[in-house]
>>> print(open('coords-v7.cif').read())   # mmCIF, C-alpha atoms
data_data
#
loop_
_atom_site.label_atom_id
_atom_site.label_comp_id
_atom_site.auth_asym_id
_atom_site.auth_seq_id
_atom_site.Cartn_x
_atom_site.Cartn_y
_atom_site.Cartn_z
CA MET A 1 0.00 0.00 0.00
CA SER A 2 1.59 3.25 -1.13
CA THR A 3 0.58 6.67 0.14
CA MET A 4 0.35 10.24 -1.09
CA THR A 5 -0.66 13.47 0.63
CA SER A 6 -3.04 16.01 -0.86
CA LEU A 7 -6.00 18.23 -0.11
CA ILE A 8 -9.39 16.57 -0.57
CA SER A 9 -11.94 18.38 -2.70
CA ALA A 10 -15.46 19.05 -1.41
CA PRO A 11 -18.02 16.32 -2.16
CA ASP A 12 -20.45 16.81 -5.04
CA ARG A 13 -23.77 18.16 -3.71
CA THR A 14 -25.48 18.25 -7.12
CA ARG A 15 -26.14 14.49 -7.20
CA GLY A 16 -29.59 13.16 -6.42
CA ASP A 17 -30.29 11.54 -3.06
CA ILE A 18 -29.08 7.94 -3.42
CA CYS A 19 -29.22 7.00 0.27
CA PRO A 20 -30.75 3.52 0.41
CA GLY A 21 -33.96 2.72 2.19
CA ALA A 22 -36.33 -0.19 2.64
CA PHE A 23 -38.06 0.40 -0.71
CA LYS A 24 -35.52 2.27 -2.82
CA LEU A 25 -32.42 0.11 -2.54
CA HIS A 26 -28.96 1.07 -3.76
CA HIS A 27 -27.51 -1.27 -6.35
CA ALA A 28 -23.90 -2.31 -5.69
CA THR A 29 -21.58 -4.87 -7.24
CA ASP A 30 -22.44 -7.43 -4.57
CA GLY A 31 -26.19 -6.92 -4.92
CA SER A 32 -28.67 -4.37 -3.62
CA ILE A 33 -28.31 -2.55 -0.31
CA GLY A 34 -31.38 -2.09 1.85
CA ARG A 35 -31.32 0.18 4.90
CA VAL A 36 -33.69 -0.03 7.85
CA ARG A 37 -34.02 2.86 10.32
CA PHE A 38 -34.13 2.27 14.07
CA PRO A 39 -34.76 5.66 15.74
CA GLY A 40 -32.24 6.29 18.48
CA GLY A 41 -30.51 3.08 17.39
CA HIS A 42 -32.85 1.31 19.80
CA VAL A 43 -33.51 -2.33 18.91
CA ARG A 44 -35.91 -4.30 21.06
CA PRO A 45 -35.08 -7.92 21.89
CA GLN A 46 -37.99 -9.38 19.93
CA GLN A 47 -36.81 -7.59 16.78
CA TRP A 48 -33.49 -9.40 16.55
CA ALA A 49 -35.03 -12.67 15.32
CA ASP A 50 -36.54 -10.88 12.31
CA ILE A 51 -33.25 -9.06 11.70
CA ALA A 52 -31.34 -12.36 11.67
CA ARG A 53 -33.87 -13.87 9.28
CA ILE A 54 -33.70 -10.90 6.89
CA ALA A 55 -29.90 -11.00 6.82
CA THR A 56 -29.83 -14.75 6.22
CA GLU A 57 -32.70 -15.17 3.76
CA LEU A 58 -32.51 -11.90 1.81
CA GLY A 59 -28.96 -10.60 2.30
CA ASP A 60 -25.34 -11.70 2.56
CA GLY A 61 -25.77 -13.08 6.07
CA ASN A 62 -24.35 -10.01 7.82
CA ILE A 63 -25.86 -6.94 9.48
CA HIS A 64 -24.04 -3.70 8.71
CA VAL A 65 -24.47 -0.62 10.92
CA THR A 66 -24.23 3.02 9.88
CA THR A 67 -23.05 6.27 11.44
CA ARG A 68 -26.73 7.20 11.85
CA GLY A 69 -27.39 4.19 14.07
CA ASN A 70 -29.26 2.31 11.36
CA MET A 71 -28.85 -1.14 9.78
CA GLN A 72 -27.91 -2.10 6.25
CA PHE A 73 -28.37 -5.43 4.52
CA ARG A 74 -26.03 -6.06 1.58
CA GLY A 75 -26.28 -8.62 -1.20
CA VAL A 76 -30.07 -8.33 -1.49
CA THR A 77 -31.34 -9.96 -4.70
CA GLN A 78 -35.07 -9.40 -4.31
CA ASP A 79 -35.70 -5.69 -3.77
CA GLN A 80 -39.49 -5.84 -3.66
CA GLU A 81 -39.57 -8.75 -1.25
CA PHE A 82 -37.12 -6.91 1.01
CA GLY A 83 -39.54 -3.99 1.34
CA CYS A 84 -42.44 -6.33 2.05
CA VAL A 85 -40.57 -8.32 4.69
CA VAL A 86 -39.27 -5.31 6.65
CA THR A 87 -42.76 -3.79 6.55
CA GLN A 88 -44.33 -7.00 7.85
CA ALA A 89 -41.74 -7.02 10.65
CA GLY A 90 -43.02 -3.58 11.73
CA PHE A 91 -39.78 -1.75 10.88
CA VAL A 92 -41.38 0.81 8.52
CA PRO A 93 -44.39 2.62 10.01
CA SER A 94 -44.63 5.04 7.05
CA GLN A 95 -43.28 4.36 3.58
CA PRO A 96 -43.09 8.08 2.61
CA HIS A 97 -40.99 8.79 5.72
CA ASP A 98 -38.79 5.71 5.38
CA LYS A 99 -35.50 7.45 4.58
CA ILE A 100 -35.74 10.41 6.98
CA ARG A 101 -36.14 8.61 10.34
CA ASN A 102 -32.46 9.11 11.13
CA ILE A 103 -32.39 9.80 14.88
CA ILE A 104 -29.32 9.25 17.04
CA ALA A 105 -29.39 9.52 20.83
CA SER A 106 -26.95 9.17 23.72
CA PRO A 107 -26.60 5.37 23.87
CA LEU A 108 -26.28 5.00 27.66
CA SER A 109 -29.18 7.33 28.48
CA LEU A 110 -32.25 5.14 28.54
CA GLU A 111 -34.30 8.04 29.85
CA LEU A 112 -34.16 9.50 26.33
CA TRP A 113 -36.03 6.59 24.76
CA PRO A 114 -39.52 8.12 25.30
CA LEU A 115 -38.24 11.37 23.77
CA VAL A 116 -36.84 9.46 20.78
CA ASP A 117 -40.21 7.80 20.26
CA ALA A 118 -42.01 11.14 20.56
CA LEU A 119 -39.67 12.76 18.03
CA ASP A 120 -40.17 9.86 15.62
CA ALA A 121 -43.94 10.19 16.01
CA ALA A 122 -43.77 13.96 15.38
CA LEU A 123 -41.77 13.43 12.17
CA LEU A 124 -44.21 10.76 10.99
CA ALA A 125 -47.14 13.07 11.70
CA THR A 126 -45.63 15.90 9.60
CA ASP A 127 -46.19 15.40 5.87
CA ALA A 128 -43.51 17.90 4.86
CA THR A 129 -40.69 16.00 6.54
CA ALA A 130 -41.18 13.08 4.12
CA GLY A 131 -39.49 15.20 1.45
CA LEU A 132 -36.22 15.67 3.34
CA SER A 133 -32.97 14.21 2.09
CA GLY A 134 -32.08 10.76 3.40
CA ARG A 135 -28.91 12.35 4.79
CA THR A 136 -30.88 14.52 7.22
CA LEU A 137 -29.87 13.70 10.80
CA PHE A 138 -31.74 14.30 14.05
CA GLY A 139 -30.16 13.98 17.48
CA LEU A 140 -30.93 13.91 21.19
CA ASP A 141 -27.95 14.48 23.49
CA ALA A 142 -28.10 13.73 27.23
CA GLY A 143 -25.60 16.54 27.82
CA ASP A 144 -22.21 14.92 27.32
CA GLY A 145 -21.82 16.24 23.78
CA ALA A 146 -21.18 12.89 22.08
CA ILE A 147 -24.26 13.14 19.87
CA ILE A 148 -23.59 16.79 19.08
CA SER A 149 -20.13 15.76 17.84
CA GLN A 150 -21.93 13.94 15.00
CA GLU A 151 -23.14 17.30 13.66
CA PRO A 152 -26.87 16.57 13.46
CA ASP A 153 -29.02 18.91 11.40
CA PHE A 154 -31.77 19.18 14.01
CA ALA A 155 -31.00 18.26 17.60
CA ALA A 156 -31.49 19.10 21.25
CA ARG A 157 -28.96 18.80 24.08
CA LYS A 158 -30.03 18.55 27.71
CA VAL A 159 -28.89 21.58 29.73
CA GLY A 160 -30.27 21.57 33.25
CA ASP A 161 -34.01 20.93 33.04
CA ARG A 162 -34.31 22.27 29.48
CA TYR A 163 -32.97 21.39 26.04
CA GLN A 164 -30.64 23.56 24.00
CA LEU A 165 -31.35 23.60 20.28
CA VAL A 166 -28.64 22.50 17.87
CA LEU A 167 -29.14 23.42 14.22
CA GLY A 168 -26.81 22.60 11.38
CA GLY A 169 -24.49 20.94 13.88
CA ALA A 170 -24.07 24.19 15.84
CA PRO A 171 -25.41 24.77 19.38
CA GLN A 172 -27.75 27.78 19.56
CA HIS A 173 -28.60 30.30 22.30
CA VAL A 174 -32.16 28.97 22.50
CA THR A 175 -33.66 26.40 24.87
CA VAL A 176 -37.06 24.73 24.95
CA SER A 177 -38.87 22.48 27.41
CA GLU A 178 -38.47 18.71 27.17
CA ALA A 179 -42.16 18.42 26.28
CA ASP A 180 -41.70 20.72 23.28
CA VAL A 181 -38.53 19.12 21.87
CA PRO A 182 -40.22 16.69 19.45
CA GLU A 183 -42.58 19.27 17.97
CA VAL A 184 -39.88 21.95 17.78
CA LEU A 185 -37.48 19.71 15.86
CA ALA A 186 -40.23 18.51 13.52
CA PHE A 187 -41.31 22.14 12.98
CA ALA A 188 -37.73 23.19 12.17
CA ALA A 189 -37.27 20.28 9.76
CA ALA A 190 -40.54 21.05 7.96
CA TRP A 191 -39.55 24.73 7.68
CA TRP A 192 -36.24 23.79 6.12
CA GLN A 193 -37.83 21.31 3.71
CA ALA A 194 -39.88 24.18 2.32
CA HIS A 195 -36.77 26.34 1.77
CA ARG A 196 -33.78 24.03 1.26
CA GLY A 197 -33.75 23.85 -2.54
CA ASP A 198 -31.10 21.30 -3.58
CA ALA A 199 -29.24 21.30 -0.23
CA TRP A 200 -28.87 17.99 1.58
CA ARG A 201 -27.77 19.21 5.01
CA LEU A 202 -28.77 22.29 7.01
CA HIS A 203 -25.19 23.51 7.44
CA GLU A 204 -25.12 24.08 3.67
CA THR A 205 -27.65 26.91 4.09
CA PRO A 206 -26.48 28.63 7.31
CA GLU A 207 -28.49 31.73 6.46
CA ASP A 208 -31.66 29.73 7.20
CA ILE A 209 -30.80 29.02 10.84
CA SER A 210 -31.66 32.49 12.18
CA LEU A 211 -34.94 32.42 10.25
CA ILE A 212 -35.83 29.01 11.68
CA LEU A 213 -35.07 30.23 15.21
CA ALA A 214 -37.22 33.33 14.71
CA ASP A 215 -40.21 31.24 13.66
CA ILE A 216 -39.64 28.79 16.53
CA ALA A 217 -39.70 31.73 18.96
CA GLU A 218 -43.08 32.78 17.61
CA ALA A 219 -44.60 29.31 17.79
CA PHE A 220 -43.13 27.94 21.05
CA ALA A 221 -42.09 29.10 24.51
CA VAL A 222 -38.32 29.57 24.35
CA ASP A 223 -35.63 30.85 26.69
CA LYS A 224 -32.38 32.50 25.66
CA LEU A 225 -28.94 31.56 26.95
CA ASP A 226 -26.61 34.45 27.71
CA GLU A 227 -23.63 32.24 26.95
CA LEU A 228 -23.30 28.93 25.16
CA PRO A 229 -22.55 26.15 27.66
CA THR A 230 -19.29 24.32 27.06
CA VAL A 231 -19.80 21.07 25.17
CA PRO A 232 -17.45 18.35 26.43
CA GLU A 233 -15.41 16.55 23.79
CA THR A 234 -16.85 13.09 24.40
CA THR A 235 -16.74 11.03 21.22
CA ALA A 236 -15.53 7.56 22.22
CA ALA A 237 -17.98 4.70 21.93
CA PRO A 238 -18.86 3.00 25.23
CA ILE A 239 -16.90 -0.27 25.13
CA GLY A 240 -16.59 -3.12 27.62
CA TRP A 241 -18.14 -3.80 31.01
CA ILE A 242 -20.13 -0.85 32.38
CA ASP A 243 -21.52 -1.03 35.90
CA ASN A 244 -24.98 0.50 36.26
CA ASP A 245 -26.17 2.39 39.34
CA ASN A 246 -28.79 -0.31 39.96
CA GLY A 247 -26.16 -3.04 40.36
CA ARG A 248 -26.72 -4.44 36.88
CA VAL A 249 -24.39 -4.31 33.88
CA THR A 250 -24.33 -2.74 30.43
CA LEU A 251 -21.98 -4.08 27.74
CA GLY A 252 -20.49 -2.04 24.93
CA ALA A 253 -19.17 -3.95 21.91
CA GLY A 254 -17.17 -2.60 18.99
CA LEU A 255 -17.78 -3.94 15.49
CA ARG A 256 -14.85 -4.55 13.16
CA PHE A 257 -15.64 -2.70 9.90
CA GLY A 258 -19.11 -2.01 11.29
CA PHE A 259 -20.81 -5.34 10.70
CA PHE A 260 -21.56 -8.65 12.42
CA PRO A 261 -23.02 -12.01 11.33
CA ALA A 262 -26.65 -13.00 11.62
CA SER A 263 -25.64 -15.51 14.29
CA VAL A 264 -24.98 -12.55 16.62
CA ALA A 265 -28.50 -11.24 15.98
CA ALA A 266 -29.91 -14.67 16.81
CA MET A 267 -27.97 -14.71 20.09
CA LEU A 268 -29.22 -11.22 20.95
CA ALA A 269 -32.79 -12.42 20.38
CA THR A 270 -32.17 -15.26 22.82
CA LEU A 271 -30.47 -12.97 25.34
CA GLY A 272 -33.62 -10.87 25.53
CA ALA A 273 -31.96 -7.54 26.36
CA GLU A 274 -32.65 -4.07 25.01
CA THR A 275 -29.89 -2.90 22.67
CA THR A 276 -28.67 0.27 21.00
CA ILE A 277 -26.74 0.71 17.77
CA THR A 278 -24.38 3.66 18.21
CA PRO A 279 -23.03 6.07 15.55
CA TRP A 280 -19.52 4.70 16.25
CA ALA A 281 -19.76 1.18 14.78
CA SER A 282 -20.65 -0.35 18.11
CA LEU A 283 -23.51 -2.00 19.93
CA VAL A 284 -24.71 -1.48 23.51
CA ILE A 285 -26.47 -4.29 25.38
CA HIS A 286 -28.44 -2.88 28.29
CA ASP A 287 -29.34 -3.90 31.83
CA LEU A 288 -27.96 -7.42 32.31
CA ASP A 289 -27.26 -9.23 35.53
CA GLU A 290 -23.61 -10.18 35.99
CA SER A 291 -24.01 -13.84 35.07
CA HIS A 292 -25.79 -13.01 31.82
CA ALA A 293 -23.22 -10.32 31.02
CA GLU A 294 -20.35 -12.78 31.49
CA ALA A 295 -22.12 -15.37 29.35
CA ALA A 296 -22.80 -12.78 26.63
CA ILE A 297 -19.13 -11.82 26.40
CA LYS A 298 -18.05 -15.47 26.20
CA ALA A 299 -20.56 -16.14 23.41
CA LEU A 300 -20.20 -12.94 21.39
CA ALA A 301 -16.46 -12.22 21.52
CA PRO A 302 -15.57 -15.31 19.42
CA LEU A 303 -18.00 -14.02 16.78
CA GLY A 304 -15.98 -10.83 16.38
CA LEU A 305 -17.53 -8.38 18.85
CA ILE A 306 -14.88 -6.28 20.57
CA PHE A 307 -15.18 -5.76 24.33
CA ASP A 308 -11.61 -4.49 24.84
CA ALA A 309 -11.59 -0.68 24.95
CA ASP A 310 -7.88 -0.66 24.01
CA SER A 311 -8.30 -2.67 20.81
CA PRO A 312 -6.76 -0.87 17.83
CA TRP A 313 -9.72 -2.04 15.76
CA LEU A 314 -11.78 0.60 17.52
CA ARG A 315 -9.64 3.25 15.81
CA ILE A 316 -9.66 1.91 12.22
CA THR A 317 -12.76 1.97 10.01
CA ALA A 318 -13.35 1.55 6.29
CA CYS A 319 -16.08 1.78 3.70
CA THR A 320 -17.11 -1.39 1.86
CA GLY A 321 -14.51 -0.94 -0.88
CA LEU A 322 -13.81 -3.45 -3.62
CA PRO A 323 -15.19 -5.89 -4.60
CA GLY A 324 -18.57 -4.96 -3.10
CA CYS A 325 -18.64 -1.35 -4.32
CA ALA A 326 -17.93 -0.55 -7.97
CA LYS A 327 -17.18 3.09 -7.15
CA SER A 328 -14.26 2.12 -4.93
CA LYS A 329 -10.74 2.29 -6.32
CA SER A 330 -9.21 -0.15 -3.85
CA HIS A 331 -9.84 -3.06 -1.49
CA THR A 332 -10.27 -0.83 1.56
CA HIS A 333 -10.73 -3.65 4.09
CA ASP A 334 -7.56 -5.42 2.96
CA ASP A 335 -5.64 -2.15 3.02
CA ALA A 336 -6.94 -1.34 6.51
CA VAL A 337 -5.81 -4.77 7.72
CA ALA A 338 -2.38 -4.13 6.17
CA LEU A 339 -2.10 -0.86 8.07
CA MET A 340 -3.32 -2.59 11.22
CA ASN A 341 -0.49 -5.11 10.92
CA SER A 342 2.15 -2.45 10.30
CA ASP A 343 4.01 -0.17 12.67
CA ASN A 344 2.70 2.95 10.94
CA ILE A 345 -0.79 3.43 12.40
CA PRO A 346 -1.41 7.18 12.87
CA ASP A 347 -2.58 8.43 16.22
CA GLY A 348 -6.31 8.80 16.75
CA LEU A 349 -9.04 7.61 14.41
CA VAL A 350 -8.29 6.34 10.90
CA HIS A 351 -10.76 5.85 8.05
CA PHE A 352 -10.28 4.26 4.62
CA SER A 353 -12.49 5.66 1.83
CA GLY A 354 -12.62 3.95 -1.54
CA CYS A 355 -13.99 7.02 -3.34
CA ASP A 356 -14.88 10.64 -2.67
CA ARG A 357 -18.29 9.73 -1.25
CA ARG A 358 -16.42 8.82 1.97
CA CYS A 359 -19.15 6.51 3.23
CA GLY A 360 -18.99 5.90 6.98
CA HIS A 361 -16.32 8.48 7.75
CA PRO A 362 -16.09 9.73 11.35
CA ARG A 363 -17.64 13.11 12.12
CA VAL A 364 -14.70 14.06 14.32
CA ALA A 365 -10.98 14.57 13.74
CA HIS A 366 -9.40 11.63 11.97
CA THR A 367 -6.77 10.61 9.45
CA GLU A 368 -8.37 9.77 6.14
CA TYR A 369 -6.98 7.42 3.52
CA LEU A 370 -8.73 8.29 0.24
CA ALA A 371 -8.12 5.75 -2.51
CA VAL A 372 -6.87 7.08 -5.86
CA ALA A 373 -5.90 3.67 -7.27
CA GLU A 374 -5.55 0.09 -6.11
CA GLY A 375 -3.51 0.23 -2.90
CA GLU A 376 -2.69 3.93 -3.33
CA TYR A 377 -4.14 6.63 -1.10
CA LEU A 378 -4.21 10.35 -0.49
CA ILE A 379 -3.70 10.89 3.25
CA THR A 380 -5.20 13.93 4.94
CA HIS A 381 -6.08 14.98 8.46
CA GLN A 382 -9.79 15.78 8.67
CA ARG A 383 -11.18 18.01 11.41
#
>>> encode(input="coords-v7.cif", output="structure tokens")
Amino acid sequence: MSTMTSLISAPDRTRGDICPGAFKLHHATDGSIGRVRFPGGHVRPQQWADIARIATELGDGNIHVTTRGNMQFRGVTQDQEFGCVVTQAGFVPSQPHDKIRNIIASPLSLELWPLVDALDAALLATDATAGLSGRTLFGLDAGDGAIISQEPDFAARKVGDRYQLVLGGAPQHVTVSEADVPEVLAFAAAWWQAHRGDAWRLHETPEDISLILADIAEAFAVDKLDELPTVPETTAAPIGWIDNDNGRVTLGAGLRFGFFPASVAAMLATLGAETTITPWASLVIHDLDESHAEAAIKALAPLGLIFDADSPWLRITACTGLPGCAKSKSHTHDDAVALMNSDNIPDGLVHFSGCDRRCGHPRVAHTEYLAVAEGEYLITHQR
């Protein structure tokens, strides 16, 4: 693997929205890609059996996770059947809103789950939001800043007993009550849909943010912050054994290259625990007693789940690359493994991108390897 250093050009924003969904799948070299949204990344135990079946019967046998806390199924050969099956499983409550239910939430904060559900319901109840780009991202942050680091378009961060609005990835001087958060974010998203033109993300039209805030202030009870609270730089995925205040245990598991086999999903169905897919290629298994937590680690670690917070695999990610993606210029997974086995791993996070779409890249500072030919990369430091 040879390397080069260069500036990376801005991505093309004139393309149509090709984000996959449950009904409009993306066609790749290894078959179609279907994506299923799980608001807040929250997956209930009874859903894992259907997920395992979909991966095994309709896909390549693996479940791939995304930076928006959703699931992808690759190698799909029957697009129409895929849409029918995920609908029958209850994963798509509204076909028009399928691609916009991208909600991430602080993965260890179970108290946010009712707010996630309320936000999802508000988006589903708003016809205008169905027209948003599939790249639109909503977020709910418990206060530690980890979700805000993902630069959501429309989000709220807990500050005291209120929620600070975050628009276009930037914290604002406006707070609203917890009860109003779902409606405020849905209102803001609908406003932007009516004005966004060809833009995919709110930060591309920063002039709209002040207008959105002005209309929110007219429609809802808001408070103003004199100063913006400091947002902690908390971006690491929760990994390993986490002791809960109630004496039970939560497990955080990293996913090498962001996917795991259907056999893991089947085990999670048997385990019967609530789970969360995080934006950092990891999975959180909630509220276990110690014996079940120990058994889960023994069963899942051999299948590739990473429970060691010091594993270098938590720092290296890659897009699908060749041969699965025809747009890729290199075998990104093989090249990432080669770097992993070398003595030249850069500090911090590292991401391999096979083309300038940069699928799955971290939203925080990282070293990017952008393929320009087989085994040859431009290396830049992204911030």
>>> atom_distance(input="coords-v7.cif", atom1="atom CA of A:Arg248", atom2="atom CA of A:Ile285")
11.5 Å
>>> resolve_selection(input="coords-v7.cif", expression="the PyMOL selection byres ((chain A and resi 101-115) around 6)", output="PyMOL selection string")
chain A and resi 39-40+99-100+116-118+137-142
>>> residues_around(input="coords-v7.cif", residues="A:Ala170", least_positions_apart="4", cutoff="10 Å", atoms="only C-alpha atoms", output="tab-separated table (two decimals) with C-alpha atoms, keeping the file's coordinate frame")
chain	number	residue	atom	x	y	z
A	148	ILE	CA	-23.59	16.79	19.08
A	149	SER	CA	-20.13	15.76	17.84
A	151	GLU	CA	-23.14	17.30	13.66
A	152	PRO	CA	-26.87	16.57	13.46
A	153	ASP	CA	-29.02	18.91	11.40
A	154	PHE	CA	-31.77	19.18	14.01
A	155	ALA	CA	-31.00	18.26	17.60
A	165	LEU	CA	-31.35	23.60	20.28
A	166	VAL	CA	-28.64	22.50	17.87
A	203	HIS	CA	-25.19	23.51	7.44
A	206	PRO	CA	-26.48	28.63	7.31
A	209	ILE	CA	-30.80	29.02	10.84
>>> atom_distance(input="coords-v7.cif", atom1="atom CA of A:Pro20", atom2="atom CA of A:Phe91")
14.8 Å
>>> resolve_selection(input="coords-v7.cif", expression="the PyMOL selection byres ((chain A and resi 364) around 12)", output="number ranges by chain")
A: 67, 146-151, 169, 233-236, 279-280, 348-351, 360-363, 365-368, 381-383
>>> resolve_selection(input="coords-v7.cif", expression="the PyMOL selection byres ((chain A and resi 183-197) around 6)", output="ChimeraX atom specification")
/A:123,128-129,132,180-182,198-199
>>> residues_around(input="coords-v7.cif", residues="A:His97", least_positions_apart="6", cutoff="12 Å", atoms="all atoms listed in the file", output="PyMOL selection string")
chain A and resi 21-23+36-37+91+120-134+136
>>> write_last_selection(input="coords-v7.cif", atoms="C-alpha atoms", output="compact mmCIF listing (two decimals), in the frame of the given file")
# COMPACT_ATOMS: atom_id res chain seq x y z
CA GLY A 21 -33.96 2.72 2.19
CA ALA A 22 -36.33 -0.19 2.64
CA PHE A 23 -38.06 0.40 -0.71
CA VAL A 36 -33.69 -0.03 7.85
CA ARG A 37 -34.02 2.86 10.32
CA PHE A 91 -39.78 -1.75 10.88
CA ASP A 120 -40.17 9.86 15.62
CA ALA A 121 -43.94 10.19 16.01
CA ALA A 122 -43.77 13.96 15.38
CA LEU A 123 -41.77 13.43 12.17
CA LEU A 124 -44.21 10.76 10.99
CA ALA A 125 -47.14 13.07 11.70
CA THR A 126 -45.63 15.90 9.60
CA ASP A 127 -46.19 15.40 5.87
CA ALA A 128 -43.51 17.90 4.86
CA THR A 129 -40.69 16.00 6.54
CA ALA A 130 -41.18 13.08 4.12
CA GLY A 131 -39.49 15.20 1.45
CA LEU A 132 -36.22 15.67 3.34
CA SER A 133 -32.97 14.21 2.09
CA GLY A 134 -32.08 10.76 3.40
CA THR A 136 -30.88 14.52 7.22
>>> closest_residue(input="coords-v7.cif", among="A:Asp215, A:Ala318, A:Gly324, A:Glu376", to="A:Arg358", atoms="all atoms listed in the file")
A:Ala318
>>> residues_around(input="coords-v7.cif", residues="A:Ala269", least_positions_apart="6", cutoff="6 Å", atoms="all atoms listed in the file", output="ChimeraX atom specification")
/A:45,48-49
>>> residues_around(input="coords-v7.cif", residues="A:Asp60", least_positions_apart="2", cutoff="6 Å", atoms="only C-alpha atoms", output="number ranges by chain")
A: 62, 74-75
>>> closest_residue(input="coords-v7.cif", among="A:Thr270, A:Ser311, A:Ser263, A:Thr332", to="A:Gln46", atoms="all atoms listed in the file")
A:Thr270
>>> closest_residue(input="coords-v7.cif", among="A:Asp30, A:Asp223, A:Glu290, A:Glu207", to="A:Val176", atoms="all atoms listed in the file")
A:Asp223
>>> residues_around(input="coords-v7.cif", residues="A:Asp243", least_positions_apart="3", cutoff="12 Å", atoms="only C-alpha atoms", output="tab-separated table (two decimals) with C-alpha atoms, keeping the file's coordinate frame")
chain	number	residue	atom	x	y	z
A	108	LEU	CA	-26.28	5.00	27.66
A	238	PRO	CA	-18.86	3.00	25.23
A	239	ILE	CA	-16.90	-0.27	25.13
A	240	GLY	CA	-16.59	-3.12	27.62
A	246	ASN	CA	-28.79	-0.31	39.96
A	247	GLY	CA	-26.16	-3.04	40.36
A	248	ARG	CA	-26.72	-4.44	36.88
A	249	VAL	CA	-24.39	-4.31	33.88
A	250	THR	CA	-24.33	-2.74	30.43
A	251	LEU	CA	-21.98	-4.08	27.74
A	252	GLY	CA	-20.49	-2.04	24.93
A	286	HIS	CA	-28.44	-2.88	28.29
A	287	ASP	CA	-29.34	-3.90	31.83
A	288	LEU	CA	-27.96	-7.42	32.31
A	289	ASP	CA	-27.26	-9.23	35.53
A	290	GLU	CA	-23.61	-10.18	35.99
A	293	ALA	CA	-23.22	-10.32	31.02
>>> atom_distance(input="coords-v7.cif", atom1="atom CA of A:Arg44", atom2="atom CA of A:Ala253")
16.8 Å
>>> closest_residue(input="coords-v7.cif", among="A:Ala326, A:Ala299, A:Ala237, A:Leu339", to="A:Leu314", atoms="all atoms listed in the file")
A:Ala237
>>> axis_aligned_box(input="coords-v7.cif", around="stretch 161-176 of chain A", padding_each_side="3 Å", output="JSON")
{"center_x": -30.6, "center_y": 25.6, "center_z": 22.2, "size_x": 19.0, "size_y": 15.4, "size_z": 27.7}
>>> closest_residue(input="coords-v7.cif", among="A:Trp200, A:Phe38, A:Trp313, A:Tyr163", to="A:Gly258", atoms="all atoms listed in the file")
A:Trp313
>>> closest_residue(input="coords-v7.cif", among="A:Leu225, A:Leu202, A:Val284, A:Ala156", to="A:Val174", atoms="only C-alpha atoms")
A:Leu225
